Amino acid sequence: MRPWFGTLLLGVFISAVLGNSEKVTEYNVGDDLQIIEGSAEFDSTECQQLRDRLETLESAVKSIVTALASQKNEIIAPITAILDQNEALRGILSSSPISQNVPENSTTHLGVNFNSTTITNSDETVRVDEEKQTVKQLKGAVKCSLAQLLDINVPEKGISPSGSIKASLDTNKSIEIEWSPISPECIDYNSGVWIRVFESGTSSSEETYLSIPRKCLNEQSNTTFSLVVHSPSSTKSDDEQFEESDCYFKLKNILIECRAYTIEIVPNYDSLKGRTLTTEIVIPSTNANSIDMESLISVAASSNSLNLNWKDNSGCAPQLTSFYLKTMIDGKVNAADVTNGSLKIPRTCLKRQRDENNVFSLALSTDGPCPVEWTTLDSCRKYSFEMKSEYSNTWRSAPYVWETFTSREGSSSKDKFYGLSDCPNPGDFSCFNRQRDYRYRRLNCLSLHHICDGQNHCDSGIDEQNCDSLCSNGFECGRQCISKEKICDGIYDCVDGSDEHYDCEYTKSCNELKDNKGSFSSQTIDSVDVFKQARKSIVAISVQSNHTIWLSFNEFNTTTNHSMKIYDGPYSTSPLILSHSGSTKPQSIRSSSNNLYVEFPSYYDKSYGVSVSYTSMESTGKPFIPGCGGYVNGEGVVSSPNYLTDDDIDDCFWFVEARKNDGIVCLKRNGMKDLVYNSQLPIMTVYDGWNTSGNVLYYDEFVTSNLAQTKGVVYSNSDKIMVRFTRPKVSGNNRAYWSVKTIPTVQTTTDLVGMIGTIKSPNYPASSYPNSSDYRWKIVTNPKTSIRLLFAFFETQEKFDFVSVYDGPTVNSRLLLEKSGLSTTPFTVNSSSNEMLVRFTSDETITLSGFLAVYSTV
């Protein structure tokens, strides 16, 4: 560094730049740099930057000093005096070819062109205000160019070195840049910026700067500007459309996906460089949404941990820097409802398989190695997780939301329970001792008056513990009082056991069901592990989208204080649509969406409990009206709606299926005495299967002209039937009831091949045929022949046990005959081909002799 430059900084930058005309003590920046450079706390890189910048500006400052010295007017006089007093500055002037060519008494004015370092002659009559403006512009440009360097040791009020830059990509992969100068004061002196974009990790010298003038900067606010640098287009026509514009700037090379690029911006203060600012972007791939349902490999969520495995489908897996995970309780997205906030998980917490670079796994737990504040999850609860991958500070993948249910088996400890037993008298309690009395079932029942009477009646002393007549701040259980902290701690502190109750967290057992149909029931609790303790079981049902869930109650018996609760949605906070207890089965219910949340009790006693079946049905969009249709599995009741009160009902549908796949449905009318058709009865149609395109098995209007043939029972052809009730012509209060029963295991169809043969009901003629049966015979004769079936004897239970004959090999063939009761024989039935099916069905009640038939070819 040349010695004259230190003095120059003192004279020019403290006097001329800061505007101080008084004499200034000599100050050598070069010496100060040596002191700074030797300091252990000083950054050597920063020092080198300062040296380079000073060298770069040396020639410009030399020209500036020469220009100032040439001014012969009162405004520049203080500066000229400083120049004359400093030996180093006089040396600059004496060596200047310009000063040698200018006469001492010349009034010639030297102007400065700030786009170069060439000094030109200007007109002698330039006005004084223009001279002032020139000096001001010079001072401001130098000040803003060197501000961040001077602030290293000499902070100046009003100057901030905190200029900033932000960059993002638009859909065409053009770079949108926001730039804020180092100080609002410097905006007036800004002439534009220089921009350079190069691949991170490569030599930046290969890329030249793009010079962008001030007029091409879009002013966003008083202190922020924006500009766009375009990526080369794959088609020339796109570029040619804008290339004629003065403010269209294009990069030299196309930006490559998944690579990181450094963006460098240098402010231009009248050709003096300002502070260089940089940022980095990663170019997204065309498959930027890196997480979706198909990419999830496995998920395991419990109350204490979360394990997630997924594939990064973005194509930029090596550039992934962090992973964002937001946990939401019960689907709530408000900030106050977020359990863990948005966790930023560093790349170091993500594990990868050796053979697959794009497969990641994450394991979070309370004591795990990943340095994030993970909060445990509640058991038996639905959570939503929002996941995003981050590849740079400018690019994150689109968020993907995934839901899970934290399942956990109910826990218990043999050592925590005293084991309170039911005594014969309701007013008694038991001092049951697990280790001593369990084998012999000794109850040792005592009156409740012995609790807290001052004498130990139980070996454990439980009857004389927690005896507090005043229980204002605790939990009162009979004559005892315990602190609220002892409630649901797994230990019986109260003789009546009310402190360890049904709703305690540890008693929960939960599961999630995702099949489109299924069943669940109460679990029998081992009385040794939890002595006569009820447990709350929770089931979350989730079926395919655009479907609803029908529930059928097969068994139901709970104590009055333990209700089954069903919530219309995936959460315990969803609307409650059923709360029921006792021994009466509830009516079938339906969800309004594809989710249900169910709570029900499990007992040690097998005589208590519930059994439920469910199925999913495509949503119709119509609201559910209790009693208007439902779902029955195996056994139950189908009833028509009461149209007298439900004026908004048109059709009601019941979906019925056999409990086992190899069974059929028997739909039986309750009470034949009401079989008098009138316009007030709902019209019932029975379809085989669960849609209206199935075969019609029964229709009320079919029998109106012949009440003698009215059916009392309908048998399905398959394992499902659908019952439809249509509003009658005249509103009334008449209702129809049909019981549902499954006939187990359809009898194997017997194939009869030959020109002649015999068919008879089982046990004929020795005894009556079996009840609850479905027998089928398939007759096949020679091709191009037909079959004649002659009934020699026929006696079945009228309107309940039927013989059906089909003109073909299946029950879906054309029906030729459907008959019950006592018939005059013989009579015949003829087929139109060489195949015929004979079916015999019976209900669970009266059985008779049956039938005998002979078949032959025609």
# chains A, B, ... in the order shown; residues from 1 in each chain; ligands from 1
>>> residues_around(residues="A:Ser221", least_positions_apart="3", cutoff="12 Å", atoms="only C-alpha atoms", output="number ranges by chain")
A: 178-181, 184, 187, 217-218, 224-226
>>> closest_atom_pairs(of="stretch 457-575 of chain A", to="stretch 654-663 of chain A", cutoff="12 Å", atoms="only C-alpha atoms", output="JSON lines")
{"residue": "A:Lys517", "atom": "CA", "partner": "A:Glu657", "partner_atom": "CA", "distance": 11.6}
{"residue": "A:Gly518", "atom": "CA", "partner": "A:Arg659", "partner_atom": "CA", "distance": 10.9}
{"residue": "A:Ser519", "atom": "CA", "partner": "A:Arg659", "partner_atom": "CA", "distance": 10.6}
{"residue": "A:Ile549", "atom": "CA", "partner": "A:Phe655", "partner_atom": "CA", "distance": 11.7}
{"residue": "A:Trp550", "atom": "CA", "partner": "A:Phe655", "partner_atom": "CA", "distance": 8.9}
{"residue": "A:Leu551", "atom": "CA", "partner": "A:Phe655", "partner_atom": "CA", "distance": 10.6}
{"residue": "A:Ser552", "atom": "CA", "partner": "A:Val656", "partner_atom": "CA", "distance": 9.6}
{"residue": "A:Asn554", "atom": "CA", "partner": "A:Arg659", "partner_atom": "CA", "distance": 10.0}
>>> write_last_selection(atoms="N, CA and C atoms", output="PDB file, in the first residue's frame")
ATOM      1  N   LYS A 517     -65.215 -53.082   5.140  1.00  0.00           N
ATOM      2  CA  LYS A 517     -66.211 -53.747   5.988  1.00  0.00           C
ATOM      3  C   LYS A 517     -65.473 -54.550   7.044  1.00  0.00           C
ATOM      4  N   GLY A 518     -66.152 -54.745   8.172  1.00  0.00           N
ATOM      5  CA  GLY A 518     -65.516 -55.477   9.256  1.00  0.00           C
ATOM      6  C   GLY A 518     -66.401 -55.512  10.477  1.00  0.00           C
ATOM      7  N   SER A 519     -65.810 -55.848  11.605  1.00  0.00           N
ATOM      8  CA  SER A 519     -66.550 -55.938  12.858  1.00  0.00           C
ATOM      9  C   SER A 519     -65.599 -55.698  14.022  1.00  0.00           C
ATOM     10  N   ILE A 549     -70.370 -44.879   6.343  1.00  0.00           N
ATOM     11  CA  ILE A 549     -70.237 -46.099   7.138  1.00  0.00           C
ATOM     12  C   ILE A 549     -71.578 -46.408   7.791  1.00  0.00           C
ATOM     13  N   TRP A 550     -72.066 -47.646   7.567  1.00  0.00           N
ATOM     14  CA  TRP A 550     -73.265 -48.135   8.245  1.00  0.00           C
ATOM     15  C   TRP A 550     -72.822 -49.058   9.379  1.00  0.00           C
ATOM     16  N   LEU A 551     -73.458 -48.891  10.549  1.00  0.00           N
ATOM     17  CA  LEU A 551     -73.183 -49.750  11.706  1.00  0.00           C
ATOM     18  C   LEU A 551     -74.389 -50.619  11.999  1.00  0.00           C
ATOM     19  N   SER A 552     -74.117 -51.898  12.307  1.00  0.00           N
ATOM     20  CA  SER A 552     -75.160 -52.840  12.718  1.00  0.00           C
ATOM     21  C   SER A 552     -74.775 -53.412  14.081  1.00  0.00           C
ATOM     22  N   ASN A 554     -74.943 -56.195  16.683  1.00  0.00           N
ATOM     23  CA  ASN A 554     -75.276 -57.610  16.815  1.00  0.00           C
ATOM     24  C   ASN A 554     -75.613 -57.973  18.256  1.00  0.00           C
TER      25      ASN A 554
END
>>> select_by_dssp(residues="stretch 476-562 of chain A", states="strand (DSSP E or B)", output="VMD selection string")
chain A and resid 476 to 477 480 to 482 509 to 513 517 to 521 535 to 542 547 to 557
>>> write_last_selection(atoms="C-alpha atoms", output="PDB file, in the first residue's frame")
ATOM      1  CA  GLU A 476     -64.316 -37.435  47.865  1.00  0.00           C
ATOM      2  CA  CYS A 477     -65.067 -41.166  47.722  1.00  0.00           C
ATOM      3  CA  GLN A 480     -62.544 -41.114  52.351  1.00  0.00           C
ATOM      4  CA  CYS A 481     -60.803 -38.196  50.679  1.00  0.00           C
ATOM      5  CA  ILE A 482     -57.745 -38.351  48.452  1.00  0.00           C
ATOM      6  CA  SER A 509     -57.342 -49.991  24.453  1.00  0.00           C
ATOM      7  CA  CYS A 510     -57.644 -48.740  20.882  1.00  0.00           C
ATOM      8  CA  ASN A 511     -57.333 -49.765  17.294  1.00  0.00           C
ATOM      9  CA  GLU A 512     -57.870 -48.370  13.791  1.00  0.00           C
ATOM     10  CA  LEU A 513     -59.927 -50.203  11.167  1.00  0.00           C
ATOM     11  CA  LYS A 517     -66.211 -53.747   5.988  1.00  0.00           C
ATOM     12  CA  GLY A 518     -65.516 -55.477   9.256  1.00  0.00           C
ATOM     13  CA  SER A 519     -66.550 -55.938  12.858  1.00  0.00           C
ATOM     14  CA  PHE A 520     -65.373 -55.221  16.397  1.00  0.00           C
ATOM     15  CA  SER A 521     -66.503 -56.258  19.874  1.00  0.00           C
ATOM     16  CA  ARG A 535     -61.808 -50.834  30.306  1.00  0.00           C
ATOM     17  CA  LYS A 536     -62.630 -48.311  27.600  1.00  0.00           C
ATOM     18  CA  SER A 537     -62.102 -49.657  24.096  1.00  0.00           C
ATOM     19  CA  ILE A 538     -61.764 -47.219  21.219  1.00  0.00           C
ATOM     20  CA  VAL A 539     -62.055 -47.909  17.502  1.00  0.00           C
ATOM     21  CA  ALA A 540     -61.410 -45.393  14.734  1.00  0.00           C
ATOM     22  CA  ILE A 541     -62.999 -46.509  11.447  1.00  0.00           C
ATOM     23  CA  SER A 542     -61.751 -45.022   8.186  1.00  0.00           C
ATOM     24  CA  HIS A 547     -68.287 -43.420   1.123  1.00  0.00           C
ATOM     25  CA  THR A 548     -70.280 -43.522   4.335  1.00  0.00           C
ATOM     26  CA  ILE A 549     -70.237 -46.099   7.138  1.00  0.00           C
ATOM     27  CA  TRP A 550     -73.265 -48.135   8.245  1.00  0.00           C
ATOM     28  CA  LEU A 551     -73.183 -49.750  11.706  1.00  0.00           C
ATOM     29  CA  SER A 552     -75.160 -52.840  12.718  1.00  0.00           C
ATOM     30  CA  PHE A 553     -75.413 -53.833  16.386  1.00  0.00           C
ATOM     31  CA  ASN A 554     -75.276 -57.610  16.815  1.00  0.00           C
ATOM     32  CA  GLU A 555     -75.051 -57.741  20.628  1.00  0.00           C
ATOM     33  CA  PHE A 556     -75.410 -55.017  23.209  1.00  0.00           C
ATOM     34  CA  ASN A 557     -75.347 -55.169  27.009  1.00  0.00           C
TER      35      ASN A 557
END
>>> atom_distance(atom1="atom CA of A:Phe385", atom2="atom CA of A:Ser303")
14.3 Å
>>> closest_residue(among="A:Ser739, A:Thr857, A:Ser767, A:Gln797", to="A:Thr781", atoms="only C-alpha atoms")
A:Thr857
>>> closest_residue(among="A:Cys666, A:Leu448, A:Ala766, A:Cys370", to="A:Ser842", atoms="only C-alpha atoms")
A:Cys666
>>> residues_around(residues="stretch 846-855 of chain A", least_positions_apart="3", cutoff="7 Å", atoms="only C-alpha atoms", output="ChimeraX atom specification")
/A:756-761,764-765,767-771,787-797
>>> write_last_selection(atoms="N, CA and C atoms", output="JSON list (two decimals), in the first residue's frame")
[["chain", "number", "residue", "atom", "x", "y", "z"],
["A", 756, "ILE", "N", -83.35, -89.50, -17.03],
["A", 756, "ILE", "CA", -84.46, -89.64, -16.09],
["A", 756, "ILE", "C", -83.89, -89.76, -14.70],
["A", 757, "GLY", "N", -84.66, -89.28, -13.68],
["A", 757, "GLY", "CA", -84.20, -89.36, -12.30],
["A", 757, "GLY", "C", -85.24, -88.83, -11.34],
["A", 758, "THR", "N", -84.89, -88.86, -10.03],
["A", 758, "THR", "CA", -85.83, -88.49, -8.96],
["A", 758, "THR", "C", -85.21, -87.41, -8.08],
["A", 759, "ILE", "N", -86.06, -86.44, -7.66],
["A", 759, "ILE", "CA", -85.66, -85.40, -6.69],
["A", 759, "ILE", "C", -86.66, -85.43, -5.56],
["A", 760, "LYS", "N", -86.15, -85.40, -4.34],
["A", 760, "LYS", "CA", -87.06, -85.38, -3.18],
["A", 760, "LYS", "C", -86.43, -84.53, -2.08],
["A", 761, "SER", "N", -87.29, -84.00, -1.22],
["A", 761, "SER", "CA", -86.83, -83.20, -0.10],
["A", 761, "SER", "C", -86.09, -84.08, 0.90],
["A", 764, "TYR", "N", -87.43, -87.28, 3.12],
["A", 764, "TYR", "CA", -88.70, -87.79, 2.57],
["A", 764, "TYR", "C", -88.53, -89.27, 2.22],
["A", 765, "PRO", "N", -89.50, -90.14, 2.53],
["A", 765, "PRO", "CA", -90.80, -89.90, 3.22],
["A", 765, "PRO", "C", -90.75, -90.23, 4.70],
["A", 767, "SER", "N", -89.42, -88.78, 7.43],
["A", 767, "SER", "CA", -89.75, -87.73, 8.40],
["A", 767, "SER", "C", -89.76, -86.38, 7.69],
["A", 768, "SER", "N", -90.02, -85.34, 8.45],
["A", 768, "SER", "CA", -90.13, -84.01, 7.87],
["A", 768, "SER", "C", -88.75, -83.47, 7.49],
["A", 769, "TYR", "N", -88.73, -82.50, 6.61],
["A", 769, "TYR", "CA", -87.48, -81.91, 6.13],
["A", 769, "TYR", "C", -86.89, -81.00, 7.21],
["A", 770, "PRO", "N", -85.59, -80.68, 7.14],
["A", 770, "PRO", "CA", -84.96, -79.81, 8.14],
["A", 770, "PRO", "C", -85.44, -78.36, 8.01],
["A", 771, "ASN", "N", -85.31, -77.61, 9.09],
["A", 771, "ASN", "CA", -85.64, -76.19, 9.02],
["A", 771, "ASN", "C", -84.37, -75.39, 8.68],
["A", 787, "ILE", "N", -86.45, -80.56, -20.46],
["A", 787, "ILE", "CA", -86.70, -81.34, -19.25],
["A", 787, "ILE", "C", -88.15, -81.14, -18.81],
["A", 788, "ARG", "N", -88.76, -82.26, -18.43],
["A", 788, "ARG", "CA", -90.09, -82.22, -17.83],
["A", 788, "ARG", "C", -89.98, -82.70, -16.41],
["A", 789, "LEU", "N", -90.43, -81.86, -15.44],
["A", 789, "LEU", "CA", -90.37, -82.19, -14.02],
["A", 789, "LEU", "C", -91.79, -82.44, -13.54],
["A", 790, "LEU", "N", -92.06, -83.66, -13.05],
["A", 790, "LEU", "CA", -93.39, -84.06, -12.59],
["A", 790, "LEU", "C", -93.36, -84.20, -11.07],
["A", 791, "PHE", "N", -94.22, -83.43, -10.39],
["A", 791, "PHE", "CA", -94.32, -83.51, -8.93],
["A", 791, "PHE", "C", -95.37, -84.55, -8.57],
["A", 792, "ALA", "N", -94.95, -85.59, -7.87],
["A", 792, "ALA", "CA", -95.86, -86.65, -7.44],
["A", 792, "ALA", "C", -96.44, -86.37, -6.06],
["A", 793, "PHE", "N", -95.70, -85.60, -5.22],
["A", 793, "PHE", "CA", -96.19, -85.25, -3.88],
["A", 793, "PHE", "C", -95.64, -83.86, -3.55],
["A", 794, "PHE", "N", -96.50, -83.05, -2.85],
["A", 794, "PHE", "CA", -96.06, -81.67, -2.52],
["A", 794, "PHE", "C", -96.78, -81.21, -1.26],
["A", 795, "GLU", "N", -96.02, -80.97, -0.16],
["A", 795, "GLU", "CA", -96.59, -80.45, 1.10],
["A", 795, "GLU", "C", -95.49, -79.72, 1.88],
["A", 796, "THR", "N", -95.59, -78.40, 1.91],
["A", 796, "THR", "CA", -94.63, -77.58, 2.67],
["A", 796, "THR", "C", -95.39, -76.55, 3.48],
["A", 797, "GLN", "N", -94.69, -75.85, 4.37],
["A", 797, "GLN", "CA", -95.32, -74.78, 5.16],
["A", 797, "GLN", "C", -95.70, -73.64, 4.23]]
>>> residues_around(residues="A:Arg196", least_positions_apart="3", cutoff="12 Å", atoms="only C-alpha atoms", output="ChimeraX atom specification")
/A:175,177,193,199-200,203-212,229,249-253,261-267,276-280
